[in-house]
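**Student:** I'd like to ask some things about the structure below.
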Amino acid sequence: MVKDRLTIAPEVQEALAAGKPVVALESTIVAHGMPFPQNLETAQNLESIIRDGGAIPATIAVMNGQIQVGCDAAMLHRLATEPQVAKVSRRDLPMALASGQLGATTVSGTLIGAELAGIRVFVTGGIGGVHRGVQDSWDVSADLPELARARVAVVCAGAKSILDLPKTLESLETNGVTVVGYQTDFFPAFFVPSSGLPLVHRADDPLTIAQAMEAKWSLGLEGSILVANPVPVEHAADADKVDQATLEALVLAEKQKIQGKDVTPFLLREVAKATGGESLAANRALVANNARLGAAIAVAFAGLFTAR
Ligand code: PSU
Ligand code: MN
């Protein structure tokens, strides 16, 4: 039964039962997306931003054979520091649960946990997508099919610029994922505010997004509303520097035969190195920015039901 595999922190459980706003957070960004100690600081900072915004944070991970929804300080510390944390997408969930090992959930894994727990808003940095060179590697993130399935809004800063963004957007459309630019007409490119790729949908306030969530799911349509929130310009990385670093990282990945789930963490690490930490600073700022918006959307969404 679901409840035998789901441990929801008491505070999160209470908020959900009372219809109060809750925001899910992923743990792969903590375990694999950033180095220590920036990863732990970021995890803690995101939780406090969400609290300041009037919502309850729930970092999702896998531990002791359970999907853990809402991590305490000790759990966050383990995720940030232990050397052998599994990276858990939908594919990996069964074995991670069966083995009892510690696992960090990706966007796809976190979406599963959030939906099972009844959390409707999830904040991340950048989603996975279609990788460059997909025609040879067939590397398409499990985040895409999961976004097509889970009824959870995801706030991100676009897709990581290490990806093929036009193909990622096409795939989102094919899968019926509603992509909404937040106060922008362009798909953000993670470390930089715009990819130059135009978006069809735009919202300028959290309430509009909450209403779109309600509209989509009240029809019984499955899948996410993907809120694309650009990194604030003052925190953006230099676009040319990031592009150059990305190209070099891709060559290095090929040379070192980096494959599968190791590709994304490898590229993020190399780009951070080559930009002298500039990309890491942008990454931290953009998730914080997403956490602020995610809390506001969760508050607006909860408000739709209490106002009736
Ligand atoms: N965004 C970040 N840092 C990350 C990731 C996203 O800022 O570490 C992670 C997310 O967990 C996402 C995963 O789901 O990378 C995608 O991995 P892959 O490309 O292997 O599907
Ligand atoms: Mn992949």
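Lettering and numbering for the structure tokens are positional, with chains as A, B, ... in the shown order, residues counted from 1 in each chain, and ligands counted from 1 in the shown order.
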Write as a list in words the residues around ligand 2, taking 9 Å as the cut-off and counting only C-alpha atoms and all ligand atoms.
**Tutor:**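 Sorted by chain and then by number, the residues are Gly128, Gly129, Val130, His131, Trp138, Asp139, Val140, Ser141, Ala142, Gln259, Gly260, Lys261, Asp262, Val263 and Thr264 of chain A.
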**Student:** Kindly export the residues of the current selection with C-alpha atoms, as a PDB file, in the first residue's frame.
**Tutor:**
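The result, written out as part17.pdb:
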```
ATOM      1  CA  GLY A 128      16.100  17.783 -17.247  1.00  0.00           C
ATOM      2  CA  GLY A 129      15.269  17.506 -20.925  1.00  0.00           C
ATOM      3  CA  VAL A 130      16.497  16.445 -24.319  1.00  0.00           C
ATOM      4  CA  HIS A 131      20.292  16.341 -24.371  1.00  0.00           C
ATOM      5  CA  TRP A 138      19.031   8.885 -27.085  1.00  0.00           C
ATOM      6  CA  ASP A 139      19.490  10.762 -23.814  1.00  0.00           C
ATOM      7  CA  VAL A 140      16.148  12.271 -22.840  1.00  0.00           C
ATOM      8  CA  SER A 141      15.521  12.963 -19.161  1.00  0.00           C
ATOM      9  CA  ALA A 142      12.844  10.974 -17.350  1.00  0.00           C
ATOM     10  CA  GLN A 259      26.944   8.335 -19.688  1.00  0.00           C
ATOM     11  CA  GLY A 260      23.429   7.977 -18.340  1.00  0.00           C
ATOM     12  CA  LYS A 261      22.624   9.496 -14.978  1.00  0.00           C
ATOM     13  CA  ASP A 262      26.183  10.774 -14.519  1.00  0.00           C
ATOM     14  CA  VAL A 263      25.981  13.192 -17.456  1.00  0.00           C
ATOM     15  CA  THR A 264      24.026  16.016 -15.811  1.00  0.00           C
TER      16      THR A 264
END
```
**Student:** What parts of stretch 163-252 of chain A does DSSP call strand (DSSP E or B)? I'd like the answer as a PyMOL selection string.
**Tutor:** chain A and resi 163+178-182+186+189+192+198+201-203+225-228
**Student:** Residues as selected, C-alpha atoms, written as a compact mmCIF listing (two decimals), in the first residue's frame, can you do that?
**Tutor:**
```txt
# COMPACT_ATOMS: atom_id res chain seq x y z
CA LEU A 163 20.54 20.66 -23.02
CA THR A 178 1.72 23.66 -20.16
CA VAL A 179 4.81 25.89 -20.12
CA VAL A 180 4.11 29.35 -18.72
CA GLY A 181 6.70 32.13 -18.73
CA TYR A 182 6.59 34.06 -15.46
CA PHE A 186 10.87 33.72 -23.57
CA ALA A 189 17.99 29.22 -20.05
CA VAL A 192 20.81 33.20 -18.01
CA PRO A 198 9.60 32.39 -27.56
CA HIS A 201 1.98 31.37 -22.58
CA ARG A 202 2.83 34.00 -20.03
CA ALA A 203 1.56 34.88 -16.54
CA ILE A 225 2.04 23.30 -15.36
CA LEU A 226 5.70 24.20 -15.86
CA VAL A 227 6.37 27.70 -14.59
CA ALA A 228 9.47 29.13 -16.25
```
**Student:** Any idea what's packed within 9 Å of A:Val123, counting only C-alpha atoms, ignoring anything in its chain fewer than 4 positions away? Could you give it as a PyMOL selection string?
**Tutor:** chain A and resi 23-26+153-156+287+290-291+293-295
**Student:** I'd like the contact shell of A:Glu270 - 9 Å cut-off, only C-alpha atoms, skipping same-chain residues fewer than 3 positions apart - returned as a PDB file with C-alpha atoms, in the first residue's frame.
**Tutor:**
```
ATOM      1  CA  ALA A 245      32.223  26.264 -20.580  1.00  0.00           C
ATOM      2  CA  THR A 246      29.311  24.066 -21.656  1.00  0.00           C
ATOM      3  CA  GLU A 248      34.151  22.323 -23.293  1.00  0.00           C
ATOM      4  CA  ALA A 249      32.326  20.223 -20.696  1.00  0.00           C
ATOM      5  CA  LEU A 252      35.245  16.339 -21.883  1.00  0.00           C
ATOM      6  CA  PRO A 265      26.002  16.165 -12.520  1.00  0.00           C
ATOM      7  CA  PHE A 266      29.257  15.948 -14.493  1.00  0.00           C
ATOM      8  CA  LEU A 267      28.340  18.836 -16.794  1.00  0.00           C
ATOM      9  CA  LYS A 273      34.731  24.885 -12.476  1.00  0.00           C
ATOM     10  CA  ALA A 274      35.255  26.572 -15.828  1.00  0.00           C
ATOM     11  CA  THR A 275      33.212  29.664 -14.946  1.00  0.00           C
TER      12      THR A 275
END
```
**Student:** Using only C-alpha atoms, determine which residues lie at most 7 Å from stretch 207-213 of chain A, disregarding the query and same-chain residues fewer than 5 positions distant; provide the list as a ChimeraX atom specification.
**Tutor:** /A:225,297,300-301
**Student:** For the selection you just gave me, I'd like the residues written to a file as an mmCIF file, in the first residue's frame, keeping all heavy atoms.
**Tutor:**
```
data_model
loop_
_atom_site.group_PDB
_atom_site.id
_atom_site.type_symbol
_atom_site.label_atom_id
_atom_site.label_comp_id
_atom_site.auth_asym_id
_atom_site.auth_seq_id
_atom_site.Cartn_x
_atom_site.Cartn_y
_atom_site.Cartn_z
ATOM 1 N N ILE A 225 1.863 21.952 -14.830
ATOM 2 C CA ILE A 225 2.040 23.300 -15.360
ATOM 3 C C ILE A 225 3.497 23.638 -15.047
ATOM 4 O O ILE A 225 3.904 23.595 -13.882
ATOM 5 C CB ILE A 225 1.127 24.323 -14.634
ATOM 6 C CG1 ILE A 225 -0.354 23.913 -14.730
ATOM 7 C CG2 ILE A 225 1.410 25.737 -15.129
ATOM 8 C CD1 ILE A 225 -1.126 24.484 -15.867
ATOM 9 N N ILE A 297 2.736 30.823 -5.298
ATOM 10 C CA ILE A 297 1.769 30.039 -6.086
ATOM 11 C C ILE A 297 1.014 29.073 -5.175
ATOM 12 O O ILE A 297 -0.209 28.919 -5.284
ATOM 13 C CB ILE A 297 2.485 29.284 -7.226
ATOM 14 C CG1 ILE A 297 3.043 30.278 -8.250
ATOM 15 C CG2 ILE A 297 1.529 28.299 -7.914
ATOM 16 C CD1 ILE A 297 3.972 29.655 -9.285
ATOM 17 N N ALA A 300 -1.534 31.021 -3.294
ATOM 18 C CA ALA A 300 -2.655 31.407 -4.170
ATOM 19 C C ALA A 300 -3.536 30.200 -4.492
ATOM 20 O O ALA A 300 -4.766 30.303 -4.514
ATOM 21 C CB ALA A 300 -2.118 32.020 -5.466
ATOM 22 N N PHE A 301 -2.892 29.049 -4.711
ATOM 23 C CA PHE A 301 -3.655 27.838 -5.053
ATOM 24 C C PHE A 301 -4.509 27.388 -3.869
ATOM 25 O O PHE A 301 -5.697 27.077 -4.025
ATOM 26 C CB PHE A 301 -2.704 26.717 -5.485
ATOM 27 C CG PHE A 301 -3.406 25.503 -6.028
ATOM 28 C CD1 PHE A 301 -4.065 25.546 -7.253
ATOM 29 C CD2 PHE A 301 -3.414 24.314 -5.306
ATOM 30 C CE1 PHE A 301 -4.729 24.423 -7.763
ATOM 31 C CE2 PHE A 301 -4.066 23.186 -5.807
ATOM 32 C CZ PHE A 301 -4.727 23.241 -7.035
#
```
**Student:** Quote the spacing between atom CA of A:Gly53 and atom CA of A:Val299 in Å to one decimal place.
**Tutor:**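 The value is 8.1 Å.
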**Student:** When you look at A:Thr105 with a cut-off of 6 Å (counting only C-alpha atoms), what residues show up, excluding the ones that are within fewer than 4 positions of it in the same chain? I need them as a ChimeraX atom specification.
**Tutor:** /A:26-28,61,88,109-110
**Student:** Check the DSSP output for the backbone and give back, as an MDAnalysis selection string, the residues of stretch 51-93 of chain A in alpha helix (DSSP H).
**Tutor:** chainID A and resid 51:52 73:81 93
**Student:** Quick one: residues within 12 Å of A:Ala150, only C-alpha atoms counted, chain neighbours fewer than 6 positions away excluded, as number ranges by chain?
**Tutor:** A: 90, 107-122, 143-144, 175-177, 213, 216-217, 220-226
**Student:** So that I have them on file, write out the residues from the current selection with N, CA, C and O atoms, as a compact mmCIF listing (two decimals), in the first residue's frame.
**Tutor:**
```
# COMPACT_ATOMS: atom_id res chain seq x y z
N ARG A 90 12.21 7.87 -11.71
CA ARG A 90 11.16 6.86 -11.69
C ARG A 90 11.74 5.45 -11.86
O ARG A 90 11.37 4.52 -11.16
N VAL A 107 13.88 15.48 -10.45
CA VAL A 107 12.58 16.07 -10.71
C VAL A 107 11.54 14.96 -10.90
O VAL A 107 10.45 15.01 -10.32
N SER A 108 11.90 13.92 -11.66
CA SER A 108 10.90 12.87 -11.90
C SER A 108 10.57 12.11 -10.61
O SER A 108 9.40 11.87 -10.31
N GLY A 109 11.58 11.76 -9.84
CA GLY A 109 11.33 11.05 -8.58
C GLY A 109 10.55 11.91 -7.60
O GLY A 109 9.65 11.42 -6.89
N THR A 110 10.89 13.20 -7.55
CA THR A 110 10.22 14.10 -6.61
C THR A 110 8.77 14.31 -6.99
O THR A 110 7.89 14.41 -6.13
N LEU A 111 8.51 14.38 -8.31
CA LEU A 111 7.12 14.53 -8.76
C LEU A 111 6.26 13.37 -8.28
O LEU A 111 5.11 13.56 -7.87
N ILE A 112 6.82 12.17 -8.31
CA ILE A 112 6.07 11.00 -7.86
C ILE A 112 5.73 11.13 -6.37
O ILE A 112 4.58 10.96 -5.96
N GLY A 113 6.73 11.47 -5.58
CA GLY A 113 6.50 11.62 -4.14
C GLY A 113 5.52 12.74 -3.82
O GLY A 113 4.63 12.59 -2.98
N ALA A 114 5.68 13.86 -4.52
CA ALA A 114 4.80 15.01 -4.27
C ALA A 114 3.36 14.65 -4.59
O ALA A 114 2.44 14.91 -3.80
N GLU A 115 3.16 14.01 -5.73
CA GLU A 115 1.78 13.68 -6.12
C GLU A 115 1.16 12.68 -5.15
O GLU A 115 0.01 12.84 -4.75
N LEU A 116 1.93 11.67 -4.76
CA LEU A 116 1.39 10.68 -3.82
C LEU A 116 1.01 11.33 -2.49
O LEU A 116 0.03 10.95 -1.85
N ALA A 117 1.79 12.33 -2.09
CA ALA A 117 1.51 13.00 -0.81
C ALA A 117 0.39 14.03 -0.94
O ALA A 117 -0.16 14.49 0.06
N GLY A 118 0.07 14.43 -2.16
CA GLY A 118 -0.97 15.44 -2.36
C GLY A 118 -0.43 16.87 -2.38
O GLY A 118 -1.16 17.82 -2.16
N ILE A 119 0.87 17.00 -2.69
CA ILE A 119 1.48 18.34 -2.80
C ILE A 119 1.36 18.79 -4.25
O ILE A 119 1.70 18.05 -5.16
N ARG A 120 0.92 20.02 -4.45
CA ARG A 120 0.60 20.48 -5.80
C ARG A 120 1.60 21.45 -6.40
O ARG A 120 1.47 21.86 -7.55
N VAL A 121 2.59 21.86 -5.60
CA VAL A 121 3.60 22.80 -6.11
C VAL A 121 4.99 22.27 -5.74
O VAL A 121 5.21 21.82 -4.61
N PHE A 122 5.90 22.35 -6.68
CA PHE A 122 7.25 21.81 -6.50
C PHE A 122 8.24 22.80 -7.10
O PHE A 122 8.06 23.28 -8.22
N ASP A 143 12.52 13.28 -16.60
CA ASP A 143 11.69 14.40 -16.12
C ASP A 143 10.56 14.69 -17.11
O ASP A 143 9.46 15.07 -16.69
N LEU A 144 10.82 14.54 -18.40
CA LEU A 144 9.82 14.93 -19.40
C LEU A 144 8.54 14.08 -19.34
O LEU A 144 7.45 14.64 -19.22
N ASN A 175 3.94 16.44 -25.24
CA ASN A 175 3.43 15.76 -24.04
C ASN A 175 2.36 16.55 -23.30
O ASN A 175 1.94 16.16 -22.20
N GLY A 176 1.96 17.68 -23.86
CA GLY A 176 0.88 18.45 -23.25
C GLY A 176 1.26 19.14 -21.96
O GLY A 176 0.39 19.46 -21.15
N VAL A 177 2.55 19.37 -21.77
CA VAL A 177 2.96 20.09 -20.56
C VAL A 177 2.80 21.59 -20.82
O VAL A 177 3.39 22.14 -21.75
N MET A 213 -3.69 25.97 -12.94
CA MET A 213 -3.57 24.65 -12.31
C MET A 213 -4.95 24.08 -12.03
O MET A 213 -5.25 22.92 -12.37
N LYS A 216 -6.75 23.10 -15.32
CA LYS A 216 -6.23 21.89 -15.94
C LYS A 216 -6.70 20.64 -15.20
O LYS A 216 -7.22 19.71 -15.79
N TRP A 217 -6.55 20.67 -13.89
CA TRP A 217 -6.82 19.44 -13.12
C TRP A 217 -8.31 19.24 -12.86
O TRP A 217 -8.74 18.11 -12.67
N GLY A 220 -9.65 16.96 -15.15
CA GLY A 220 -9.12 15.60 -15.07
C GLY A 220 -7.91 15.40 -15.97
O GLY A 220 -7.43 14.28 -16.15
N LEU A 221 -7.38 16.50 -16.54
CA LEU A 221 -6.18 16.36 -17.38
C LEU A 221 -4.98 16.07 -16.49
O LEU A 221 -4.79 16.70 -15.45
N GLU A 222 -4.18 15.12 -16.91
CA GLU A 222 -2.99 14.85 -16.13
C GLU A 222 -1.85 15.75 -16.61
O GLU A 222 -1.91 16.37 -17.66
N GLY A 223 -0.83 15.80 -15.80
CA GLY A 223 0.37 16.54 -16.18
C GLY A 223 0.52 17.87 -15.49
O GLY A 223 -0.38 18.37 -14.83
N SER A 224 1.71 18.43 -15.69
CA SER A 224 2.16 19.59 -14.94
C SER A 224 1.83 20.91 -15.63
O SER A 224 1.56 20.94 -16.82
N ILE A 225 1.86 21.95 -14.83
CA ILE A 225 2.04 23.30 -15.36
C ILE A 225 3.50 23.64 -15.05
O ILE A 225 3.90 23.60 -13.88
N LEU A 226 4.29 23.90 -16.07
CA LEU A 226 5.70 24.20 -15.86
C LEU A 226 5.89 25.71 -15.88
O LEU A 226 5.70 26.35 -16.91
```
**Student:** For atom CA of A:Met34 and atom CA of A:Arg149, determine how far apart the two atoms are, in Å to one decimal place.
**Tutor:** 27.6 Å
**Student:** Determine the nearest neighbour of ligand 1 from the options A:Ile258, A:Ala17, A:Ala9, A:Val251, counting only C-alpha atoms and all ligand atoms.
**Tutor:**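 Looking only at the distances to ligand 1, the closest residue turns out to be A:Ile258.
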